[in-house]
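Only one structure is covered here, and it is reproduced in the block below.
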Amino acid sequence: MSAPHVEDPTLHVSNEDPNSASNLIGNLYKRLRQGDSGMVPVVVGLLLLVTYFQIRNAAFLSSGNLVNLFVQATIFILLGMAEIWVLLLGEIDLSIGITSVLGGAVAVILVDPQFHVSWFFALPAGILVVTLIGALYGMVVVRLNVPSFIVTLAGFLAFQGVLIYVVDSQGTGGTIPVHEKVLYNLVYGNLTPLWTWILAIAGVAIMCYRIIKRDMNRRASGLVTEPLAYVITKVVLLIAVGVILAKIFDANRGTFIELRGMPFAIPIDIGVLVIGTFILTRTKAGRYINAIGGNSEAVRRAGVRVNRYRLLAFVLTGVTGGIGGLLYVSQLNGVNDGPPSTLTLYAIAAAVIGGTSLFGGRGKMIHAVVGGLIIATIYNGMALLSMSASTQYVVTGVVLLAAVTVDSVARRNSASR
Amino acid sequence: MDTTPESPNLPTSPQGPSEQSGSGVAPSSVPLLSLRGVSKNFGPVQAIQGVNLDIPDGQVTALIGDNGAGKSVLIKTISGIWPPSEGKIFWKGEEIHEHSPRSATALGIATVYQDLALCDNLDIVQNMYLGREETKFGTLDEIKMELATNQLLKDLSVSTVKSVRQLVASLSGGQRQAIAVARAVMRDSRLVILDEPTAALGVSQTRQVLELIRTLSSRGIAVLVISHNLNDVFSVADRIAVMHLGSLVSNGPISDYDTNSAVELITTGQSSRVPTTLAPSS
């Protein structure tokens with residue numbers, strides 16, 4: 001993730017033994033040259049942004065602001081991950097920013113004092129609404145062969161109307177506040193410091209175990225493995241990131257009262273990331289969703305029921321977006337009938353900045369995490385520097401363009417080699 | 001996997017325009033696949049007519065002919081995409097009644113079309129196992145698939161691929177062809193049909209693909225290869241089948257032909273030196 005970004009051309013030498021640690025940097029450089037740069041450029045970009053904001057305002061890297069930033073990022077990350085399911089197919093969902101809020105609105109209305117439905121049913125109901133909309137899109141795209149761009153654009157308009165109707169029908173003047181504790185706490189509730197540490201340690205331990213186990217299994221089967229130095233680097237980095245995050249979340253960030261611990265939104269994000277990554281990399285469904293984006297005719301000829309998996313991707317977009325919608329209304333502490341038109345675009349931007357292709361076949365859930373963090377960093381940092389909303393939009397646009405340009409230039413270089 | 005040793009002089013059933021049927025012939029001489037009087041028309045257009053062809057086990061049969069001669073229609077008929085309008089298809093001497101891509105695959109007929117049907121964004125292992133992934137506890141068993149892929153590529157003497165974990169997008173044309181063929185072999189195919197496998201390949205890549213074709217036939221797999229390149233045909237094929245204007249005008253062991261007679265057959269449908277199988281009436 002933070003492997004060095006080396007530009008020294010002399011390192012581009014033959015790599016007879018891919019296992020030797022000395023070739024680590026050479027291999028990395030070669031991969032960069034071949035456009036298989038992974039996430040190195042984006043992470044470097046994120047670090048540059050962070051450095052810039054920290055220099056301009058020392059409060060940027062304070063624990064309070066970082067937690068705030070992570071919470072802001074969770075929405076972009078979740079909606080970005082939702083978008084990645086369909087982007088992998090080469091499809092797009094232009095309405096996720098509206099449908100997810102609609103799901104959130106349904107949850108808010110259900111837990112409202114008027115209905116008093118338990119959060120236990122209301123939150124899944126909100127997710128279900130978005131899931132059903134996703135399934136509807138999927139059916140239209142798959143069965144009627146309408147381009148998803150058009151279907152979801154139509155959905156963007158139509159569900160915006162539905163959202164206004166649903167919110168206004170409550171007769172609360174176009175805004176419904178959240179009174180229910182669980183929904184409120186999704187973003188504003190915190191784990192206790194102890195649980196923060198337990199979660200961080202358990203998470204890091206499980207990931208390290210998986211990395212080491214995978215390496216050992218491959219070694220035992222006599223397969224080519226990553227250089228040992230690489231594996232060790234990964235494990236060390238993971239532990240470092242885990243400790244730093246736990247420390248950040250654990251520091252007191254309250255001004256009047258003590259405020260510590262990880263907001264619930266973070267483990268929710270991580271949970272969705274883990275499950276999404278698992279589906280994409282470890283199951284047949286994930287393999288087929290990837291493959292369809294690469295060459296759907298080849299997948300069809302391999303005997304796979306392509307349409308089933310295309311539909312599944314739309315449904316998964318709905319599920320993930322539904323969770324994002326809940327966090328959105330929790331963070332907003334309610335829902336209003338003036339839906340944010342930029343939310344969808346930020347979701348797509350988060351995925352694409354992170355490295356997911358708009359044309360299908362290339363994308364990982366982690367892309368939305370890095371992309372979402374970049375957008376939140378700009379958003380948060382600009383606000384900290386008291387820059388105007390206009391500047392923030394321009395900068396986000398430039399970053400999006402830069403990220404995609406770097407990616408496509410790297411790709412073109414690899415094609416011309 | 002069938003591993004019948006290579007036997008170039010394997011006795012083959014008599015060739016000819018007769019109504020020689022695959023059934024009832026002694027097992028040793030039953031060809032793997034027999035076409036008898038196979039015709040295919042699309043409305044008024046007669047794409048192929050009255051094709052009689054035997055494809056024996058463990059041999060490379062080259063299907064040659066000019067553009068529009070009906071080669072593609074013939075292989076698509078064999079692979080079940082277009083059922084024949086007339087005529088019979090026999091598999092190991094038994095007539096096939098319902099012929100579809102699915103049933104063809106079930107019999108062991110694998111077709112590698114020119115587009116190869118590979119996913120560029122997946123690696124070699126993922127492509128090899130696309131649609132038939134090995135799983136363990138419901139999750140993909142990557143190690144098993146990778147080991148099997150390594151083994152298969154080794155068996156087929158495909159040695160130019162550095163790592164089976166590289167993306168197919170990074171492979172050369174010959175390597176891609178090799179992967180597509182290996183995938184066909186992995187599915188326990190008895191007959192592998194290759195559509196122009198060496199088109200658009202360079203010299204050394206072509207040599208690799210031809211070697212792979214020879215490896216297949218030495219493993220007892222029947223290979224039907226369409227090619228425009230007569231050099232390739234004469235270097236790899238055991239048998240030749242020539243199509244001209246929708247008819248199979250000649251077929252037999254490669255030793256009966258030379259480049260000149262093959263060119264004559266391709267362009268005119270006749271040759272002064274090789275007996276043609278085309279009935280004079282057509």
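Naming works like this for the structure tokens: A, B, ... for the chains as they're shown, residue 1 at the start of each chain, ligands 1 onward in shown order.
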Contact residues around region 88-94 of chain A with only C-alpha atoms at 10 Å, ignoring same-chain residues under 2 positions, as a compact mmCIF listing (two decimals) with all heavy atoms, in the first residue's frame:
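Once everything was written out, this is selection24.txt:
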# COMPACT_ATOMS: atom_id res chain seq x y z
N ALA A 82 -20.67 0.56 -3.40
CA ALA A 82 -21.92 0.18 -4.07
C ALA A 82 -21.76 0.31 -5.58
O ALA A 82 -22.14 -0.58 -6.35
CB ALA A 82 -23.06 1.06 -3.58
N GLU A 83 -21.15 1.41 -5.98
CA GLU A 83 -21.00 1.70 -7.41
C GLU A 83 -20.07 0.68 -8.08
O GLU A 83 -20.27 0.33 -9.24
CB GLU A 83 -20.45 3.12 -7.54
CG GLU A 83 -20.70 3.79 -8.85
CD GLU A 83 -22.17 4.06 -9.13
OE1 GLU A 83 -22.87 4.73 -8.34
OE2 GLU A 83 -22.62 3.57 -10.17
N ILE A 84 -19.08 0.19 -7.32
CA ILE A 84 -18.07 -0.70 -7.92
C ILE A 84 -18.71 -2.00 -8.44
O ILE A 84 -18.31 -2.52 -9.48
CB ILE A 84 -16.94 -0.97 -6.91
CG1 ILE A 84 -16.03 0.26 -6.85
CG2 ILE A 84 -16.12 -2.20 -7.31
CD1 ILE A 84 -14.98 0.20 -5.77
N TRP A 85 -19.74 -2.49 -7.76
CA TRP A 85 -20.37 -3.73 -8.23
C TRP A 85 -20.81 -3.60 -9.68
O TRP A 85 -20.57 -4.48 -10.50
CB TRP A 85 -21.59 -4.07 -7.39
CG TRP A 85 -21.29 -4.45 -5.98
CD1 TRP A 85 -21.60 -3.73 -4.86
CD2 TRP A 85 -20.62 -5.63 -5.52
NE1 TRP A 85 -21.16 -4.39 -3.74
CE2 TRP A 85 -20.56 -5.55 -4.11
CE3 TRP A 85 -20.07 -6.73 -6.15
CZ2 TRP A 85 -19.98 -6.54 -3.33
CZ3 TRP A 85 -19.49 -7.72 -5.37
CH2 TRP A 85 -19.45 -7.62 -3.99
N VAL A 86 -21.48 -2.49 -9.99
CA VAL A 86 -21.97 -2.35 -11.37
C VAL A 86 -20.87 -1.85 -12.31
O VAL A 86 -20.84 -2.21 -13.48
CB VAL A 86 -23.22 -1.43 -11.47
CG1 VAL A 86 -24.46 -2.20 -11.08
CG2 VAL A 86 -23.07 -0.19 -10.64
N ILE A 96 -27.53 6.26 -7.34
CA ILE A 96 -27.29 5.70 -6.02
C ILE A 96 -27.40 6.77 -4.93
O ILE A 96 -27.85 6.49 -3.82
CB ILE A 96 -25.92 4.97 -5.98
CG1 ILE A 96 -25.81 4.08 -4.75
CG2 ILE A 96 -24.77 5.94 -6.01
CD1 ILE A 96 -26.73 2.90 -4.78
N GLY A 97 -27.04 8.00 -5.27
CA GLY A 97 -27.13 9.07 -4.27
C GLY A 97 -28.56 9.39 -3.88
O GLY A 97 -28.82 9.88 -2.78
N ILE A 98 -29.50 9.12 -4.77
CA ILE A 98 -30.91 9.38 -4.47
C ILE A 98 -31.55 8.15 -3.83
O ILE A 98 -32.22 8.23 -2.80
CB ILE A 98 -31.68 9.76 -5.76
CG1 ILE A 98 -31.19 11.11 -6.27
CG2 ILE A 98 -33.18 9.78 -5.50
CD1 ILE A 98 -31.45 12.25 -5.32
N THR A 99 -31.32 6.99 -4.45
CA THR A 99 -32.00 5.79 -3.94
C THR A 99 -31.53 5.44 -2.53
O THR A 99 -32.32 5.01 -1.70
CB THR A 99 -31.76 4.59 -4.87
OG1 THR A 99 -30.36 4.40 -5.02
CG2 THR A 99 -32.39 4.82 -6.23
N GLY A 134 -32.44 -1.62 -6.81
CA GLY A 134 -31.32 -2.18 -7.56
C GLY A 134 -31.75 -3.37 -8.39
O GLY A 134 -31.38 -3.51 -9.56
N TYR A 137 -33.66 -2.14 -11.43
CA TYR A 137 -32.71 -1.69 -12.46
C TYR A 137 -32.12 -2.89 -13.19
O TYR A 137 -32.05 -2.93 -14.41
CB TYR A 137 -31.55 -0.91 -11.83
CG TYR A 137 -31.87 0.46 -11.32
CD1 TYR A 137 -31.12 1.02 -10.30
CD2 TYR A 137 -32.91 1.22 -11.86
CE1 TYR A 137 -31.39 2.29 -9.81
CE2 TYR A 137 -33.18 2.49 -11.38
CZ TYR A 137 -32.42 3.01 -10.35
OH TYR A 137 -32.67 4.25 -9.87
N VAL A 141 -32.29 -3.72 -17.12
CA VAL A 141 -31.05 -3.75 -17.91
C VAL A 141 -30.86 -5.13 -18.55
O VAL A 141 -30.56 -5.24 -19.74
CB VAL A 141 -29.84 -3.39 -17.02
CG1 VAL A 141 -28.54 -3.68 -17.75
CG2 VAL A 141 -29.91 -1.94 -16.60
N PRO A 147 -29.70 0.34 -21.77
CA PRO A 147 -28.43 0.70 -21.13
C PRO A 147 -28.64 1.19 -19.71
O PRO A 147 -29.57 1.96 -19.44
CB PRO A 147 -27.89 1.83 -22.01
CG PRO A 147 -28.60 1.69 -23.30
CD PRO A 147 -29.93 1.07 -23.02
N SER A 148 -27.76 0.74 -18.80
CA SER A 148 -27.94 1.10 -17.39
C SER A 148 -27.82 2.60 -17.19
O SER A 148 -28.42 3.16 -16.28
CB SER A 148 -26.90 0.38 -16.54
OG SER A 148 -25.61 0.68 -17.01
N PHE A 149 -27.05 3.25 -18.04
CA PHE A 149 -26.91 4.71 -17.95
C PHE A 149 -28.29 5.36 -18.02
O PHE A 149 -28.63 6.23 -17.21
CB PHE A 149 -26.04 5.19 -19.13
CG PHE A 149 -25.67 6.63 -19.07
CD1 PHE A 149 -24.49 7.03 -18.47
CD2 PHE A 149 -26.50 7.59 -19.61
CE1 PHE A 149 -24.14 8.37 -18.42
CE2 PHE A 149 -26.16 8.94 -19.55
CZ PHE A 149 -24.97 9.33 -18.95
N ILE A 150 -29.11 4.91 -18.97
CA ILE A 150 -30.44 5.50 -19.16
C ILE A 150 -31.39 5.06 -18.03
O ILE A 150 -32.11 5.87 -17.48
CB ILE A 150 -31.02 5.07 -20.53
CG1 ILE A 150 -30.08 5.50 -21.65
CG2 ILE A 150 -32.41 5.64 -20.73
CD1 ILE A 150 -29.86 6.97 -21.75
N VAL A 151 -31.35 3.76 -17.73
CA VAL A 151 -32.27 3.24 -16.70
C VAL A 151 -32.07 3.98 -15.39
O VAL A 151 -33.02 4.43 -14.74
CB VAL A 151 -32.04 1.73 -16.49
CG1 VAL A 151 -32.95 1.20 -15.39
CG2 VAL A 151 -32.27 0.98 -17.78
N THR A 152 -30.79 4.15 -15.00
CA THR A 152 -30.54 4.76 -13.70
C THR A 152 -30.69 6.28 -13.76
O THR A 152 -30.98 6.92 -12.75
CB THR A 152 -29.13 4.39 -13.19
OG1 THR A 152 -28.16 4.78 -14.15
CG2 THR A 152 -29.03 2.90 -12.95
N LEU A 153 -30.50 6.85 -14.94
CA LEU A 153 -30.77 8.29 -15.09
C LEU A 153 -32.27 8.53 -14.89
O LEU A 153 -32.68 9.46 -14.18
CB LEU A 153 -30.32 8.78 -16.46
CG LEU A 153 -30.46 10.27 -16.74
CD1 LEU A 153 -29.62 11.08 -15.75
CD2 LEU A 153 -30.04 10.60 -18.16
N ALA A 154 -33.06 7.69 -15.51
CA ALA A 154 -34.51 7.78 -15.31
C ALA A 154 -34.85 7.56 -13.84
O ALA A 154 -35.68 8.29 -13.26
CB ALA A 154 -35.21 6.73 -16.17
N GLY A 155 -34.17 6.58 -13.23
CA GLY A 155 -34.39 6.32 -11.81
C GLY A 155 -33.99 7.51 -10.95
O GLY A 155 -34.67 7.85 -9.98
N PHE A 156 -32.90 8.17 -11.33
CA PHE A 156 -32.44 9.34 -10.60
C PHE A 156 -33.55 10.39 -10.53
O PHE A 156 -33.85 10.93 -9.46
CB PHE A 156 -31.21 9.92 -11.31
CG PHE A 156 -30.69 11.20 -10.73
CD1 PHE A 156 -29.93 11.20 -9.58
CD2 PHE A 156 -30.97 12.41 -11.34
CE1 PHE A 156 -29.45 12.39 -9.05
CE2 PHE A 156 -30.50 13.60 -10.81
CZ PHE A 156 -29.73 13.59 -9.66
N LEU A 157 -34.18 10.64 -11.67
CA LEU A 157 -35.26 11.63 -11.70
C LEU A 157 -36.49 11.12 -10.95
O LEU A 157 -37.04 11.80 -10.09
CB LEU A 157 -35.63 11.96 -13.16
CG LEU A 157 -34.49 12.60 -13.95
CD1 LEU A 157 -34.85 12.68 -15.42
CD2 LEU A 157 -34.19 13.98 -13.40
N GLY A 286 -18.21 -13.50 -7.58
CA GLY A 286 -17.29 -12.39 -7.76
C GLY A 286 -16.43 -12.58 -9.00
O GLY A 286 -16.19 -11.65 -9.76
N TYR A 288 -17.18 -14.20 -11.65
CA TYR A 288 -17.97 -13.99 -12.88
C TYR A 288 -18.28 -12.52 -13.09
O TYR A 288 -18.27 -12.05 -14.24
CB TYR A 288 -19.28 -14.79 -12.81
CG TYR A 288 -19.05 -16.29 -12.75
CD1 TYR A 288 -19.96 -17.14 -12.16
CD2 TYR A 288 -17.89 -16.85 -13.30
CE1 TYR A 288 -19.73 -18.51 -12.11
CE2 TYR A 288 -17.66 -18.20 -13.24
CZ TYR A 288 -18.58 -19.03 -12.64
OH TYR A 288 -18.34 -20.37 -12.58
N ILE A 289 -18.53 -11.78 -11.99
CA ILE A 289 -18.80 -10.34 -12.16
C ILE A 289 -17.57 -9.67 -12.77
O ILE A 289 -17.68 -8.86 -13.69
CB ILE A 289 -19.19 -9.72 -10.80
CG1 ILE A 289 -20.60 -10.19 -10.41
CG2 ILE A 289 -19.15 -8.19 -10.88
CD1 ILE A 289 -21.03 -9.78 -9.02
N ASN A 290 -16.40 -10.04 -12.28
CA ASN A 290 -15.16 -9.52 -12.88
C ASN A 290 -15.04 -9.93 -14.34
O ASN A 290 -14.72 -9.11 -15.20
CB ASN A 290 -13.96 -10.08 -12.12
CG ASN A 290 -13.50 -9.15 -11.03
OD1 ASN A 290 -13.17 -8.00 -11.29
ND2 ASN A 290 -13.49 -9.64 -9.81
N ALA A 291 -15.29 -11.20 -14.60
CA ALA A 291 -15.08 -11.73 -15.95
C ALA A 291 -16.05 -11.12 -16.95
O ALA A 291 -15.68 -10.83 -18.09
CB ALA A 291 -15.23 -13.25 -15.93
N ILE A 292 -17.28 -10.90 -16.51
CA ILE A 292 -18.28 -10.33 -17.42
C ILE A 292 -17.83 -8.96 -17.89
O ILE A 292 -17.98 -8.59 -19.05
CB ILE A 292 -19.66 -10.26 -16.73
CG1 ILE A 292 -20.23 -11.67 -16.55
CG2 ILE A 292 -20.64 -9.40 -17.53
CD1 ILE A 292 -21.43 -11.75 -15.63
N GLY A 293 -17.24 -8.19 -16.96
CA GLY A 293 -16.72 -6.88 -17.35
C GLY A 293 -15.59 -6.98 -18.35
O GLY A 293 -15.34 -6.07 -19.13
N GLY A 294 -14.86 -8.09 -18.33
CA GLY A 294 -13.74 -8.26 -19.26
C GLY A 294 -14.21 -8.74 -20.62
O GLY A 294 -13.83 -8.18 -21.65
N ASN A 295 -15.04 -9.76 -20.65
CA ASN A 295 -15.49 -10.32 -21.92
C ASN A 295 -16.73 -11.16 -21.64
O ASN A 295 -16.64 -12.35 -21.35
CB ASN A 295 -14.37 -11.16 -22.53
CG ASN A 295 -14.73 -11.67 -23.92
OD1 ASN A 295 -15.88 -11.60 -24.34
ND2 ASN A 295 -13.74 -12.19 -24.62
N SER A 296 -17.88 -10.52 -21.74
CA SER A 296 -19.09 -11.21 -21.30
C SER A 296 -19.43 -12.37 -22.25
O SER A 296 -19.99 -13.37 -21.83
CB SER A 296 -20.25 -10.23 -21.16
OG SER A 296 -20.88 -10.03 -22.38
N TYR A 309 -25.74 -13.14 -12.99
CA TYR A 309 -24.70 -12.44 -12.24
C TYR A 309 -24.75 -10.95 -12.47
O TYR A 309 -24.36 -10.16 -11.60
CB TYR A 309 -23.33 -13.04 -12.56
CG TYR A 309 -23.23 -14.44 -12.02
CD1 TYR A 309 -23.43 -15.55 -12.84
CD2 TYR A 309 -23.01 -14.66 -10.67
CE1 TYR A 309 -23.40 -16.82 -12.32
CE2 TYR A 309 -22.98 -15.93 -10.14
CZ TYR A 309 -23.18 -17.01 -10.97
OH TYR A 309 -23.15 -18.28 -10.45
N ARG A 310 -25.21 -10.55 -13.65
CA ARG A 310 -25.39 -9.10 -13.87
C ARG A 310 -26.47 -8.59 -12.93
O ARG A 310 -26.32 -7.54 -12.30
CB ARG A 310 -25.77 -8.83 -15.32
CG ARG A 310 -24.63 -9.09 -16.29
CD ARG A 310 -25.08 -8.98 -17.72
NE ARG A 310 -25.34 -7.59 -18.11
CZ ARG A 310 -26.10 -7.25 -19.13
NH1 ARG A 310 -26.71 -8.18 -19.84
NH2 ARG A 310 -26.27 -6.00 -19.44
N ALA A 313 -25.17 -8.25 -9.42
CA ALA A 313 -24.35 -7.06 -9.18
C ALA A 313 -25.23 -5.85 -8.89
O ALA A 313 -24.93 -5.05 -7.98
CB ALA A 313 -23.45 -6.79 -10.40
N PHE A 314 -26.32 -5.71 -9.62
CA PHE A 314 -27.22 -4.59 -9.35
C PHE A 314 -27.84 -4.70 -7.95
O PHE A 314 -28.01 -3.70 -7.26
CB PHE A 314 -28.33 -4.52 -10.41
CG PHE A 314 -27.89 -3.82 -11.67
CD1 PHE A 314 -27.40 -4.54 -12.75
CD2 PHE A 314 -27.95 -2.44 -11.77
CE1 PHE A 314 -26.97 -3.89 -13.89
CE2 PHE A 314 -27.53 -1.80 -12.91
CZ PHE A 314 -27.04 -2.52 -13.98
N THR A 317 -25.27 -3.70 -5.45
CA THR A 317 -25.18 -2.24 -5.42
C THR A 317 -26.26 -1.68 -4.51
O THR A 317 -26.02 -0.78 -3.70
CB THR A 317 -25.35 -1.67 -6.84
OG1 THR A 317 -24.23 -2.06 -7.62
CG2 THR A 317 -25.44 -0.16 -6.83
N GLY A 318 -27.48 -2.25 -4.62
CA GLY A 318 -28.58 -1.80 -3.78
C GLY A 318 -28.30 -2.03 -2.30
O GLY A 318 -28.48 -1.14 -1.48
N LEU A 343 -24.17 13.60 -4.56
CA LEU A 343 -23.79 12.38 -3.84
C LEU A 343 -23.43 11.24 -4.81
O LEU A 343 -22.43 10.54 -4.62
CB LEU A 343 -24.93 11.96 -2.91
CG LEU A 343 -24.56 11.15 -1.69
CD1 LEU A 343 -23.43 11.80 -0.91
CD2 LEU A 343 -25.78 10.98 -0.79
N THR A 344 -24.26 11.06 -5.84
CA THR A 344 -23.98 10.00 -6.82
C THR A 344 -22.63 10.22 -7.48
O THR A 344 -21.84 9.29 -7.65
CB THR A 344 -25.05 10.00 -7.91
OG1 THR A 344 -26.31 9.78 -7.31
CG2 THR A 344 -24.77 8.93 -8.94
N LEU A 345 -22.40 11.49 -7.84
CA LEU A 345 -21.16 11.78 -8.57
C LEU A 345 -19.95 11.55 -7.67
O LEU A 345 -18.92 11.06 -8.13
CB LEU A 345 -21.20 13.21 -9.10
CG LEU A 345 -22.38 13.45 -10.04
CD1 LEU A 345 -22.40 14.88 -10.54
CD2 LEU A 345 -22.35 12.48 -11.22
N ALA A 347 -19.86 9.34 -5.36
CA ALA A 347 -19.73 7.88 -5.26
C ALA A 347 -18.94 7.34 -6.44
O ALA A 347 -18.00 6.55 -6.28
CB ALA A 347 -21.12 7.24 -5.20
N ILE A 348 -19.33 7.76 -7.65
CA ILE A 348 -18.62 7.29 -8.85
C ILE A 348 -17.17 7.79 -8.80
O ILE A 348 -16.22 7.04 -9.09
CB ILE A 348 -19.33 7.77 -10.12
CG1 ILE A 348 -20.75 7.20 -10.16
CG2 ILE A 348 -18.56 7.38 -11.37
CD1 ILE A 348 -21.61 7.79 -11.24
N THR A 356 -10.87 2.10 -10.03
CA THR A 356 -11.84 1.24 -10.71
C THR A 356 -12.13 1.80 -12.10
O THR A 356 -12.25 3.01 -12.28
CB THR A 356 -13.14 1.16 -9.89
OG1 THR A 356 -12.85 0.49 -8.67
CG2 THR A 356 -14.22 0.40 -10.63
N SER A 357 -12.20 0.91 -13.07
CA SER A 357 -12.43 1.35 -14.45
C SER A 357 -13.91 1.60 -14.69
O SER A 357 -14.77 0.89 -14.19
CB SER A 357 -11.93 0.28 -15.42
OG SER A 357 -12.43 0.54 -16.71
N LEU A 358 -14.19 2.63 -15.48
CA LEU A 358 -15.58 2.91 -15.86
C LEU A 358 -16.06 1.94 -16.92
O LEU A 358 -17.23 1.90 -17.24
CB LEU A 358 -15.70 4.33 -16.41
CG LEU A 358 -15.88 5.46 -15.41
CD1 LEU A 358 -15.87 6.78 -16.14
CD2 LEU A 358 -17.20 5.29 -14.67
N PHE A 359 -15.13 1.19 -17.50
CA PHE A 359 -15.49 0.36 -18.64
C PHE A 359 -15.58 -1.12 -18.27
O PHE A 359 -15.72 -1.97 -19.14
CB PHE A 359 -14.48 0.57 -19.78
CG PHE A 359 -14.35 2.01 -20.15
CD1 PHE A 359 -13.26 2.74 -19.74
CD2 PHE A 359 -15.35 2.64 -20.85
CE1 PHE A 359 -13.16 4.08 -20.05
CE2 PHE A 359 -15.26 3.98 -21.16
CZ PHE A 359 -14.15 4.71 -20.77
N GLY A 360 -15.50 -1.37 -16.99
CA GLY A 360 -15.72 -2.74 -16.55
C GLY A 360 -14.45 -3.57 -16.47
O GLY A 360 -13.45 -3.27 -17.11
N GLY A 361 -14.52 -4.61 -15.66
CA GLY A 361 -13.44 -5.58 -15.63
C GLY A 361 -12.30 -5.27 -14.69
O GLY A 361 -11.44 -6.10 -14.49
N ARG A 362 -12.26 -4.06 -14.13
CA ARG A 362 -11.17 -3.75 -13.22
C ARG A 362 -11.73 -2.94 -12.06
O ARG A 362 -12.28 -1.86 -12.26
CB ARG A 362 -10.08 -2.96 -13.94
CG ARG A 362 -8.88 -2.65 -13.08
CD ARG A 362 -7.71 -2.21 -13.95
NE ARG A 362 -8.12 -1.17 -14.88
CZ ARG A 362 -8.11 0.13 -14.60
NH1 ARG A 362 -7.71 0.55 -13.43
NH2 ARG A 362 -8.49 1.02 -15.49
N GLY A 363 -11.60 -3.46 -10.88
CA GLY A 363 -12.07 -2.74 -9.70
C GLY A 363 -11.99 -3.60 -8.46
O GLY A 363 -12.13 -4.82 -8.53
N LYS A 364 -11.70 -2.95 -7.35
CA LYS A 364 -11.64 -3.64 -6.06
C LYS A 364 -12.37 -2.77 -5.07
O LYS A 364 -12.42 -1.55 -5.21
CB LYS A 364 -10.19 -3.80 -5.61
CG LYS A 364 -9.34 -4.72 -6.44
CD LYS A 364 -7.91 -4.68 -5.91
CE LYS A 364 -7.02 -5.58 -6.75
NZ LYS A 364 -5.62 -5.32 -6.47
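Set the cut-off at 6 Å, count only C-alpha atoms, and the residues of chain B near chain A turn out to be Ala117, Leu118, Cys119, Asn121, Gly131, Thr139 and Leu140 of chain B.
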Mind writing the picked residues with N, CA and C atoms as a short mmCIF file (atom, residue, chain, number, x, y, z; two decimals), in the first residue's frame?
data_model
loop_
_atom_site.label_atom_id
_atom_site.label_comp_id
_atom_site.auth_asym_id
_atom_site.auth_seq_id
_atom_site.Cartn_x
_atom_site.Cartn_y
_atom_site.Cartn_z
N ALA B 117 -12.18 -16.24 -27.03
CA ALA B 117 -13.07 -16.17 -25.86
C ALA B 117 -12.31 -16.20 -24.54
N LEU B 118 -11.29 -15.36 -24.44
CA LEU B 118 -10.57 -15.23 -23.18
C LEU B 118 -10.92 -13.89 -22.55
N CYS B 119 -10.87 -13.84 -21.23
CA CYS B 119 -11.09 -12.59 -20.52
C CYS B 119 -9.74 -11.94 -20.25
N ASN B 121 -8.93 -9.45 -18.59
CA ASN B 121 -8.70 -8.90 -17.25
C ASN B 121 -8.53 -9.99 -16.20
N GLY B 131 -16.01 -20.73 -15.43
CA GLY B 131 -17.25 -21.48 -15.57
C GLY B 131 -17.20 -22.86 -14.94
N THR B 139 -15.71 -21.61 -1.29
CA THR B 139 -14.85 -20.55 -1.80
C THR B 139 -13.89 -21.15 -2.84
N LEU B 140 -13.35 -20.27 -3.66
CA LEU B 140 -12.50 -20.73 -4.75
C LEU B 140 -11.23 -21.37 -4.22
#
Practice item. Can you list, as a PyMOL selection string, all residues belonging to region 63-256 of chain B that DSSP tags as strand (DSSP E or B)? Key: chain B and resi 63-65+86-91+94-96+109-112+123+135-136+139-140+167+191-195+222-226+239-244+247-253
Point to revise | Contacts of Asp66 (chain B) at 12 Å (only C-alpha atoms; same-chain gap of 3+ positions) as a PyMOL selection string | key: chain B and resi 63+69-72+226-230+242-248+262-269
Check your understanding: Which residue, B:Thr149, B:Asn41, B:Ser157, B:Ser235, has the smallest gap to Thr215 (chain B) when you use only C-alpha atoms?
Key -> B:Ser157
Check your understanding: Mind pulling up the distance from CA of Ile176 (chain A) to CA of Ile109 (chain A)?
Key ->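 CA of Ile176 (chain A) lies 7.5 Å from CA of Ile109 (chain A).
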